[in-house]
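File shown here: model.cif, holding mmCIF, all heavy atoms.
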```
data_my_file
loop_
_atom_site.label_atom_id
_atom_site.label_comp_id
_atom_site.auth_asym_id
_atom_site.auth_seq_id
_atom_site.Cartn_x
_atom_site.Cartn_y
_atom_site.Cartn_z
N MET J 1 0.84 -1.18 0.00
CA MET J 1 0.00 0.00 0.00
C MET J 1 0.88 1.24 0.00
O MET J 1 1.98 1.25 0.50
CB MET J 1 -0.91 -0.02 1.22
CG MET J 1 -1.86 1.12 1.25
SD MET J 1 -3.28 0.67 2.24
CE MET J 1 -3.99 2.25 2.40
N SER J 2 0.34 2.30 -0.52
CA SER J 2 1.13 3.50 -0.72
C SER J 2 1.25 4.36 0.53
O SER J 2 2.01 5.32 0.55
CB SER J 2 0.49 4.35 -1.82
OG SER J 2 -0.70 4.93 -1.35
N GLY J 3 0.53 4.09 1.59
CA GLY J 3 0.53 4.94 2.76
C GLY J 3 -0.53 6.01 2.71
O GLY J 3 -0.75 6.71 3.68
N GLU J 4 -1.19 6.16 1.58
CA GLU J 4 -2.28 7.12 1.45
C GLU J 4 -3.55 6.53 2.06
O GLU J 4 -3.76 5.33 2.01
CB GLU J 4 -2.54 7.45 -0.01
CG GLU J 4 -1.39 8.16 -0.67
CD GLU J 4 -1.73 8.58 -2.08
OE1 GLU J 4 -2.68 9.35 -2.24
OE2 GLU J 4 -1.04 8.12 -2.99
N LEU J 5 -4.38 7.39 2.59
CA LEU J 5 -5.66 6.95 3.13
C LEU J 5 -6.76 7.23 2.12
O LEU J 5 -6.81 8.31 1.53
CB LEU J 5 -5.97 7.69 4.43
CG LEU J 5 -5.01 7.45 5.58
CD1 LEU J 5 -5.39 8.34 6.76
CD2 LEU J 5 -5.02 6.00 5.99
N ILE J 6 -7.65 6.28 1.93
CA ILE J 6 -8.81 6.48 1.08
C ILE J 6 -9.85 7.21 1.92
O ILE J 6 -10.21 6.76 3.00
CB ILE J 6 -9.33 5.13 0.56
CG1 ILE J 6 -8.26 4.50 -0.33
CG2 ILE J 6 -10.65 5.31 -0.18
CD1 ILE J 6 -8.56 3.08 -0.74
N THR J 7 -10.30 8.37 1.43
CA THR J 7 -11.17 9.23 2.23
C THR J 7 -12.62 9.26 1.77
O THR J 7 -13.45 9.88 2.44
CB THR J 7 -10.62 10.67 2.24
OG1 THR J 7 -10.58 11.16 0.89
CG2 THR J 7 -9.24 10.72 2.87
N THR J 8 -12.94 8.62 0.65
CA THR J 8 -14.33 8.56 0.18
C THR J 8 -14.64 7.14 -0.23
O THR J 8 -13.72 6.35 -0.49
CB THR J 8 -14.56 9.49 -1.03
OG1 THR J 8 -13.78 9.00 -2.14
CG2 THR J 8 -14.21 10.93 -0.73
N PRO J 9 -15.90 6.80 -0.31
CA PRO J 9 -16.25 5.48 -0.86
C PRO J 9 -15.84 5.39 -2.33
O PRO J 9 -15.76 6.41 -3.03
CB PRO J 9 -17.77 5.42 -0.74
CG PRO J 9 -18.14 6.47 0.24
CD PRO J 9 -17.08 7.53 0.14
N PHE J 10 -15.58 4.19 -2.81
CA PHE J 10 -15.32 3.99 -4.23
C PHE J 10 -16.62 4.20 -5.00
O PHE J 10 -17.71 3.89 -4.51
CB PHE J 10 -14.81 2.56 -4.49
CG PHE J 10 -13.35 2.41 -4.20
CD1 PHE J 10 -12.91 2.00 -2.95
CD2 PHE J 10 -12.40 2.66 -5.18
CE1 PHE J 10 -11.56 1.86 -2.68
CE2 PHE J 10 -11.05 2.51 -4.93
CZ PHE J 10 -10.63 2.11 -3.68
N TYR J 11 -16.50 4.73 -6.21
CA TYR J 11 -17.68 4.93 -7.06
C TYR J 11 -17.32 4.56 -8.49
O TYR J 11 -16.17 4.64 -8.90
CB TYR J 11 -18.17 6.38 -6.99
CG TYR J 11 -17.15 7.42 -7.40
CD1 TYR J 11 -17.06 7.86 -8.72
CD2 TYR J 11 -16.26 7.94 -6.47
CE1 TYR J 11 -16.12 8.81 -9.09
CE2 TYR J 11 -15.32 8.89 -6.84
CZ TYR J 11 -15.25 9.32 -8.15
OH TYR J 11 -14.31 10.25 -8.52
N LYS J 12 -18.32 4.12 -9.25
CA LYS J 12 -18.14 3.79 -10.65
C LYS J 12 -18.53 4.98 -11.50
O LYS J 12 -19.41 5.75 -11.15
CB LYS J 12 -19.00 2.59 -11.06
CG LYS J 12 -18.50 1.29 -10.53
CD LYS J 12 -19.11 0.05 -11.13
CE LYS J 12 -20.50 0.10 -11.61
NZ LYS J 12 -21.01 -1.18 -12.07
N SER J 13 -17.91 5.11 -12.63
CA SER J 13 -18.22 6.18 -13.56
C SER J 13 -19.65 6.03 -14.08
O SER J 13 -20.14 4.92 -14.30
CB SER J 13 -17.26 6.13 -14.74
OG SER J 13 -17.71 6.97 -15.78
N SER J 14 -20.31 7.15 -14.31
CA SER J 14 -21.65 7.11 -14.89
C SER J 14 -21.60 6.60 -16.32
O SER J 14 -22.60 6.15 -16.86
CB SER J 14 -22.29 8.50 -14.85
OG SER J 14 -21.50 9.42 -15.59
N TYR J 15 -20.43 6.63 -16.95
CA TYR J 15 -20.27 6.10 -18.30
C TYR J 15 -20.33 4.57 -18.32
O TYR J 15 -20.43 3.98 -19.37
CB TYR J 15 -18.95 6.56 -18.91
CG TYR J 15 -18.92 8.03 -19.21
CD1 TYR J 15 -18.27 8.91 -18.37
CD2 TYR J 15 -19.56 8.54 -20.34
CE1 TYR J 15 -18.24 10.26 -18.64
CE2 TYR J 15 -19.54 9.89 -20.62
CZ TYR J 15 -18.88 10.75 -19.77
OH TYR J 15 -18.86 12.08 -20.04
N SER J 16 -20.27 3.94 -17.17
CA SER J 16 -20.29 2.48 -17.09
C SER J 16 -21.65 1.91 -17.40
O SER J 16 -21.78 0.75 -17.74
CB SER J 16 -19.87 2.02 -15.68
OG SER J 16 -18.58 2.47 -15.40
N GLY J 17 -22.69 2.70 -17.22
CA GLY J 17 -24.05 2.21 -17.44
C GLY J 17 -24.52 1.37 -16.27
O GLY J 17 -23.82 1.16 -15.29
N SER J 18 -25.72 0.87 -16.38
CA SER J 18 -26.30 0.10 -15.28
C SER J 18 -26.10 -1.41 -15.43
O SER J 18 -26.42 -2.16 -14.53
CB SER J 18 -27.80 0.41 -15.17
OG SER J 18 -28.44 0.07 -16.39
N ASP J 19 -25.59 -1.86 -16.55
CA ASP J 19 -25.36 -3.29 -16.78
C ASP J 19 -24.19 -3.77 -15.93
O ASP J 19 -23.06 -3.31 -16.12
CB ASP J 19 -25.08 -3.54 -18.26
CG ASP J 19 -24.93 -5.01 -18.62
OD1 ASP J 19 -24.82 -5.85 -17.69
OD2 ASP J 19 -24.92 -5.32 -19.81
N PRO J 20 -24.43 -4.69 -14.98
CA PRO J 20 -23.33 -5.15 -14.12
C PRO J 20 -22.26 -5.94 -14.86
O PRO J 20 -21.21 -6.22 -14.32
CB PRO J 20 -24.04 -6.02 -13.07
CG PRO J 20 -25.30 -6.44 -13.72
CD PRO J 20 -25.70 -5.33 -14.67
N ASN J 21 -22.52 -6.31 -16.12
CA ASN J 21 -21.52 -7.06 -16.90
C ASN J 21 -20.51 -6.16 -17.59
O ASN J 21 -19.57 -6.65 -18.18
CB ASN J 21 -22.23 -7.93 -17.94
CG ASN J 21 -23.05 -9.01 -17.28
OD1 ASN J 21 -22.60 -9.66 -16.34
ND2 ASN J 21 -24.26 -9.20 -17.74
N HIS J 22 -20.71 -4.86 -17.54
CA HIS J 22 -19.72 -3.94 -18.11
C HIS J 22 -18.47 -3.95 -17.25
O HIS J 22 -18.54 -3.90 -16.03
CB HIS J 22 -20.27 -2.51 -18.18
CG HIS J 22 -21.20 -2.28 -19.30
ND1 HIS J 22 -22.47 -1.85 -19.11
CD2 HIS J 22 -21.06 -2.44 -20.64
CE1 HIS J 22 -23.08 -1.73 -20.27
NE2 HIS J 22 -22.24 -2.09 -21.21
N GLU J 23 -17.33 -4.02 -17.91
CA GLU J 23 -16.07 -3.94 -17.19
C GLU J 23 -15.73 -2.48 -16.96
O GLU J 23 -15.83 -1.67 -17.87
CB GLU J 23 -14.96 -4.61 -17.99
CG GLU J 23 -15.20 -6.09 -18.15
CD GLU J 23 -14.10 -6.74 -18.94
OE1 GLU J 23 -13.00 -6.20 -19.03
OE2 GLU J 23 -14.37 -7.81 -19.48
N CYS J 24 -15.37 -2.14 -15.76
CA CYS J 24 -15.01 -0.76 -15.48
C CYS J 24 -14.18 -0.70 -14.20
O CYS J 24 -13.93 -1.70 -13.56
CB CYS J 24 -16.24 0.12 -15.36
SG CYS J 24 -17.34 -0.37 -14.04
N VAL J 25 -13.80 0.49 -13.86
CA VAL J 25 -13.03 0.70 -12.65
C VAL J 25 -13.84 1.53 -11.67
O VAL J 25 -14.81 2.19 -12.04
CB VAL J 25 -11.68 1.41 -12.94
CG1 VAL J 25 -10.80 0.54 -13.80
CG2 VAL J 25 -11.89 2.76 -13.57
N GLU J 26 -13.43 1.47 -10.43
CA GLU J 26 -14.00 2.31 -9.37
C GLU J 26 -12.90 3.24 -8.89
O GLU J 26 -11.73 2.88 -8.87
CB GLU J 26 -14.48 1.45 -8.20
CG GLU J 26 -15.61 0.52 -8.58
CD GLU J 26 -16.01 -0.38 -7.43
OE1 GLU J 26 -15.13 -0.84 -6.69
OE2 GLU J 26 -17.21 -0.61 -7.28
N VAL J 27 -13.30 4.44 -8.51
CA VAL J 27 -12.36 5.48 -8.10
C VAL J 27 -12.77 6.02 -6.74
O VAL J 27 -13.96 6.16 -6.45
CB VAL J 27 -12.32 6.62 -9.13
CG1 VAL J 27 -11.37 7.72 -8.70
CG2 VAL J 27 -11.95 6.10 -10.50
N ALA J 28 -11.78 6.33 -5.89
CA ALA J 28 -12.03 6.98 -4.60
C ALA J 28 -10.97 8.07 -4.41
O ALA J 28 -9.87 7.99 -4.95
CB ALA J 28 -11.95 5.97 -3.46
N HIS J 29 -11.31 9.08 -3.64
CA HIS J 29 -10.36 10.15 -3.31
C HIS J 29 -9.42 9.67 -2.21
O HIS J 29 -9.79 8.87 -1.37
CB HIS J 29 -11.12 11.39 -2.83
CG HIS J 29 -11.95 12.01 -3.90
ND1 HIS J 29 -11.65 13.22 -4.46
CD2 HIS J 29 -13.08 11.58 -4.53
CE1 HIS J 29 -12.55 13.51 -5.37
NE2 HIS J 29 -13.43 12.54 -5.43
N THR J 30 -8.20 10.22 -2.21
CA THR J 30 -7.23 9.89 -1.17
C THR J 30 -6.91 11.13 -0.34
O THR J 30 -7.23 12.26 -0.71
CB THR J 30 -5.92 9.36 -1.77
OG1 THR J 30 -5.28 10.40 -2.50
CG2 THR J 30 -6.15 8.14 -2.66
N SER J 31 -6.26 10.90 0.77
CA SER J 31 -5.94 11.96 1.72
C SER J 31 -4.97 13.00 1.16
O SER J 31 -4.88 14.11 1.67
CB SER J 31 -5.36 11.36 3.00
OG SER J 31 -4.20 10.60 2.70
N THR J 32 -4.25 12.66 0.10
CA THR J 32 -3.29 13.60 -0.47
C THR J 32 -3.83 14.31 -1.71
O THR J 32 -3.08 14.98 -2.41
CB THR J 32 -1.99 12.87 -0.85
OG1 THR J 32 -2.30 11.87 -1.82
CG2 THR J 32 -1.33 12.25 0.36
N GLY J 33 -5.11 14.14 -2.00
CA GLY J 33 -5.71 14.78 -3.16
C GLY J 33 -5.62 13.95 -4.43
O GLY J 33 -6.06 14.38 -5.48
N GLY J 34 -5.07 12.76 -4.33
CA GLY J 34 -4.98 11.86 -5.47
C GLY J 34 -6.20 10.97 -5.55
O GLY J 34 -7.25 11.26 -4.96
N ARG J 35 -6.04 9.87 -6.27
CA ARG J 35 -7.13 8.92 -6.42
C ARG J 35 -6.63 7.50 -6.25
O ARG J 35 -5.49 7.18 -6.59
CB ARG J 35 -7.79 9.04 -7.79
CG ARG J 35 -8.39 10.39 -8.12
CD ARG J 35 -9.54 10.73 -7.19
NE ARG J 35 -10.18 11.97 -7.58
CZ ARG J 35 -9.83 13.17 -7.16
NH1 ARG J 35 -8.79 13.31 -6.37
NH2 ARG J 35 -10.49 14.24 -7.54
N ALA J 36 -7.52 6.65 -5.75
CA ALA J 36 -7.29 5.22 -5.66
C ALA J 36 -8.20 4.58 -6.70
O ALA J 36 -9.37 4.96 -6.83
CB ALA J 36 -7.63 4.70 -4.27
N VAL J 37 -7.68 3.62 -7.46
CA VAL J 37 -8.43 3.01 -8.55
C VAL J 37 -8.37 1.49 -8.39
O VAL J 37 -7.31 0.93 -8.09
CB VAL J 37 -7.84 3.41 -9.92
CG1 VAL J 37 -8.59 2.78 -11.07
CG2 VAL J 37 -7.81 4.93 -10.07
N ARG J 38 -9.52 0.85 -8.59
CA ARG J 38 -9.57 -0.62 -8.51
C ARG J 38 -10.55 -1.17 -9.53
O ARG J 38 -11.41 -0.44 -10.05
CB ARG J 38 -9.94 -1.08 -7.10
CG ARG J 38 -11.37 -0.76 -6.71
CD ARG J 38 -11.67 -1.16 -5.30
NE ARG J 38 -13.08 -0.94 -4.99
CZ ARG J 38 -13.63 -1.10 -3.82
NH1 ARG J 38 -12.87 -1.47 -2.80
NH2 ARG J 38 -14.91 -0.90 -3.64
N ASP J 39 -10.45 -2.44 -9.81
CA ASP J 39 -11.34 -3.15 -10.73
C ASP J 39 -12.69 -3.35 -10.05
O ASP J 39 -12.75 -3.93 -8.96
CB ASP J 39 -10.70 -4.48 -11.10
CG ASP J 39 -11.49 -5.30 -12.10
OD1 ASP J 39 -12.70 -5.06 -12.29
OD2 ASP J 39 -10.90 -6.21 -12.69
N SER J 40 -13.76 -2.92 -10.68
CA SER J 40 -15.08 -3.04 -10.05
C SER J 40 -15.55 -4.49 -9.94
O SER J 40 -16.33 -4.81 -9.06
CB SER J 40 -16.12 -2.23 -10.83
OG SER J 40 -16.30 -2.77 -12.12
N LYS J 41 -15.07 -5.36 -10.82
CA LYS J 41 -15.50 -6.76 -10.78
C LYS J 41 -14.68 -7.60 -9.80
O LYS J 41 -15.12 -8.66 -9.39
CB LYS J 41 -15.40 -7.38 -12.17
CG LYS J 41 -16.47 -6.86 -13.09
CD LYS J 41 -16.44 -7.66 -14.37
CE LYS J 41 -17.64 -7.27 -15.17
NZ LYS J 41 -18.44 -8.38 -15.58
N ASP J 42 -13.51 -7.11 -9.43
CA ASP J 42 -12.64 -7.87 -8.53
C ASP J 42 -11.86 -6.92 -7.63
O ASP J 42 -10.64 -6.81 -7.73
CB ASP J 42 -11.69 -8.76 -9.35
CG ASP J 42 -10.95 -9.76 -8.51
OD1 ASP J 42 -11.23 -9.87 -7.29
OD2 ASP J 42 -10.06 -10.43 -9.06
N PRO J 43 -12.54 -6.20 -6.73
CA PRO J 43 -11.86 -5.20 -5.90
C PRO J 43 -10.79 -5.77 -4.98
O PRO J 43 -9.86 -5.05 -4.60
CB PRO J 43 -12.98 -4.55 -5.12
CG PRO J 43 -14.15 -5.45 -5.23
CD PRO J 43 -13.96 -6.26 -6.47
N ALA J 44 -10.88 -7.04 -4.65
CA ALA J 44 -9.87 -7.64 -3.77
C ALA J 44 -8.54 -7.84 -4.48
O ALA J 44 -7.53 -8.10 -3.84
CB ALA J 44 -10.38 -8.97 -3.23
N ARG J 45 -8.53 -7.70 -5.77
CA ARG J 45 -7.31 -7.91 -6.56
C ARG J 45 -6.24 -6.86 -6.29
O ARG J 45 -5.07 -7.10 -6.51
CB ARG J 45 -7.69 -7.92 -8.03
CG ARG J 45 -6.63 -8.43 -8.93
CD ARG J 45 -7.21 -8.61 -10.30
NE ARG J 45 -6.17 -9.05 -11.19
CZ ARG J 45 -6.29 -9.13 -12.48
NH1 ARG J 45 -7.44 -8.79 -13.04
NH2 ARG J 45 -5.31 -9.54 -13.22
N GLY J 46 -6.67 -5.69 -5.83
CA GLY J 46 -5.69 -4.67 -5.51
C GLY J 46 -6.15 -3.28 -5.92
O GLY J 46 -7.12 -3.12 -6.66
N THR J 47 -5.45 -2.30 -5.40
CA THR J 47 -5.77 -0.90 -5.66
C THR J 47 -4.51 -0.19 -6.14
O THR J 47 -3.43 -0.41 -5.60
CB THR J 47 -6.28 -0.24 -4.36
OG1 THR J 47 -7.43 -0.96 -3.91
CG2 THR J 47 -6.66 1.21 -4.60
N VAL J 48 -4.65 0.65 -7.14
CA VAL J 48 -3.56 1.45 -7.67
C VAL J 48 -3.80 2.88 -7.23
O VAL J 48 -4.92 3.38 -7.28
CB VAL J 48 -3.51 1.36 -9.21
CG1 VAL J 48 -2.40 2.21 -9.77
CG2 VAL J 48 -3.36 -0.08 -9.66
N TYR J 49 -2.74 3.54 -6.78
CA TYR J 49 -2.84 4.91 -6.28
C TYR J 49 -2.16 5.87 -7.25
O TYR J 49 -1.07 5.59 -7.75
CB TYR J 49 -2.18 5.02 -4.90
CG TYR J 49 -2.92 4.24 -3.85
CD1 TYR J 49 -2.67 2.88 -3.66
CD2 TYR J 49 -3.88 4.85 -3.07
CE1 TYR J 49 -3.36 2.16 -2.70
CE2 TYR J 49 -4.58 4.13 -2.11
CZ TYR J 49 -4.30 2.79 -1.93
OH TYR J 49 -4.99 2.08 -0.99
N PHE J 50 -2.81 7.01 -7.49
CA PHE J 50 -2.27 8.07 -8.33
C PHE J 50 -2.24 9.35 -7.52
O PHE J 50 -3.23 9.72 -6.88
CB PHE J 50 -3.15 8.28 -9.57
CG PHE J 50 -3.18 7.09 -10.48
CD1 PHE J 50 -4.14 6.11 -10.34
CD2 PHE J 50 -2.21 6.93 -11.46
CE1 PHE J 50 -4.17 5.01 -11.17
CE2 PHE J 50 -2.22 5.82 -12.29
CZ PHE J 50 -3.20 4.86 -12.15
N GLY J 51 -1.11 10.04 -7.55
CA GLY J 51 -0.99 11.33 -6.88
C GLY J 51 -1.86 12.37 -7.57
O GLY J 51 -2.35 12.16 -8.69
N ALA J 52 -2.03 13.51 -6.92
CA ALA J 52 -2.90 14.56 -7.45
C ALA J 52 -2.44 15.05 -8.82
O ALA J 52 -3.25 15.23 -9.73
CB ALA J 52 -2.98 15.71 -6.47
N ALA J 53 -1.14 15.26 -8.99
CA ALA J 53 -0.62 15.74 -10.29
C ALA J 53 -0.84 14.72 -11.39
O ALA J 53 -1.25 15.06 -12.51
CB ALA J 53 0.85 16.10 -10.16
N ALA J 54 -0.57 13.45 -11.11
CA ALA J 54 -0.74 12.40 -12.11
C ALA J 54 -2.21 12.25 -12.48
O ALA J 54 -2.55 12.10 -13.66
CB ALA J 54 -0.19 11.08 -11.59
N TRP J 55 -3.10 12.30 -11.49
CA TRP J 55 -4.53 12.17 -11.77
C TRP J 55 -5.01 13.37 -12.59
O TRP J 55 -5.77 13.21 -13.56
CB TRP J 55 -5.35 12.04 -10.50
CG TRP J 55 -6.79 11.78 -10.79
CD1 TRP J 55 -7.80 12.66 -10.73
CD2 TRP J 55 -7.36 10.54 -11.23
NE1 TRP J 55 -8.98 12.06 -11.09
CE2 TRP J 55 -8.73 10.77 -11.41
CE3 TRP J 55 -6.84 9.27 -11.49
CZ2 TRP J 55 -9.60 9.76 -11.83
CZ3 TRP J 55 -7.72 8.28 -11.92
CH2 TRP J 55 -9.07 8.53 -12.09
N GLY J 56 -4.55 14.56 -12.23
CA GLY J 56 -4.93 15.75 -12.98
C GLY J 56 -4.49 15.69 -14.42
O GLY J 56 -5.24 16.06 -15.33
N ALA J 57 -3.29 15.21 -14.66
CA ALA J 57 -2.79 15.07 -16.03
C ALA J 57 -3.61 14.05 -16.80
O ALA J 57 -3.91 14.23 -17.98
CB ALA J 57 -1.31 14.66 -16.01
N PHE J 58 -4.01 12.98 -16.14
CA PHE J 58 -4.81 11.95 -16.78
C PHE J 58 -6.17 12.48 -17.21
O PHE J 58 -6.60 12.26 -18.35
CB PHE J 58 -4.98 10.75 -15.83
CG PHE J 58 -5.96 9.73 -16.32
CD1 PHE J 58 -5.64 8.91 -17.39
CD2 PHE J 58 -7.20 9.60 -15.72
CE1 PHE J 58 -6.54 7.96 -17.85
CE2 PHE J 58 -8.11 8.65 -16.17
CZ PHE J 58 -7.78 7.83 -17.24
N VAL J 59 -6.85 13.20 -16.37
CA VAL J 59 -8.20 13.66 -16.71
C VAL J 59 -8.18 14.86 -17.67
O VAL J 59 -9.18 15.14 -18.32
CB VAL J 59 -9.06 13.99 -15.47
CG1 VAL J 59 -9.30 12.74 -14.65
CG2 VAL J 59 -8.44 15.07 -14.62
N ARG J 60 -7.05 15.56 -17.73
CA ARG J 60 -6.95 16.65 -18.73
C ARG J 60 -6.79 16.06 -20.08
O ARG J 60 -7.14 16.45 -21.08
CB ARG J 60 -5.78 17.56 -18.43
CG ARG J 60 -6.10 18.61 -17.42
CD ARG J 60 -5.02 19.68 -17.32
NE ARG J 60 -3.74 19.22 -16.85
CZ ARG J 60 -3.44 18.98 -15.57
NH1 ARG J 60 -4.33 19.14 -14.64
NH2 ARG J 60 -2.24 18.58 -15.23
#
```

Show me, as structure tokens, the structure contained in the file I just sent.
Amino acid sequence: MSGELITTPFYKSSYSGSDPNHECVEVAHTSTGGRAVRDSKDPARGTVYFGAAAWGAFVR
């Protein structure tokens, strides 16, 4: 683990639709302003952490 704390519940993108068979990711905010990302179909598989700058660059 990265040492960051997850500060919000994970949520799926609205672009995922309501079909539970769609593959997508879930995102949560972290204590440092970054994001935690995990597979919505297999959340126990692990979480990837992105710092605030990296996440900002990704969404731009």

Worksheet item: Which residues, written as a ChimeraX atom specification, have at least one atom at most 4.5 Å from Ile6 of chain J, with all atoms listed in the file counted and residues fewer than 6 positions away on the same chain left out?
Response: /J:28-30,36,49

Worksheet item: If we count all atoms listed in the file, what is near Val27 of chain J at a cut-off of 4.5 Å, once residues fewer than 6 positions away on the same chain are taken out, given as a ChimeraX atom specification?
Response: /J:9-11,35-37,55

Practice prompt. Would you list, as JSON, numbers by chain, the residues of chain J that end up in alpha helix (DSSP H) under DSSP run on this structure's backbone?
Written response: {"J": [52, 53, 54, 55, 56, 57, 58, 59]}

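The coordinates place atom C of Ala57 of chain J at 20.1 Å from atom N of Glu4 of chain J.
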
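Using only C-alpha atoms, the protein and nucleic acid residues lying no more than 6 Å from Gly51 of chain J, apart from those fewer than 2 places from it along its own chain, are J:Gly34, J:Ala53, J:Ala54.
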
Worksheet entry | Non-local contacts of Cys24 of chain J (6 Å; all heavy atoms; under 6 positions in same chain excluded) as a list in words | Lys12, Ser13, Ser16, Arg38, Asp39, Ser40 and Lys41 of chain J

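Reported to one decimal place, the separation of atom CG2 of Val25 of chain J from atom CG of Arg60 of chain J is 17.3 Å.
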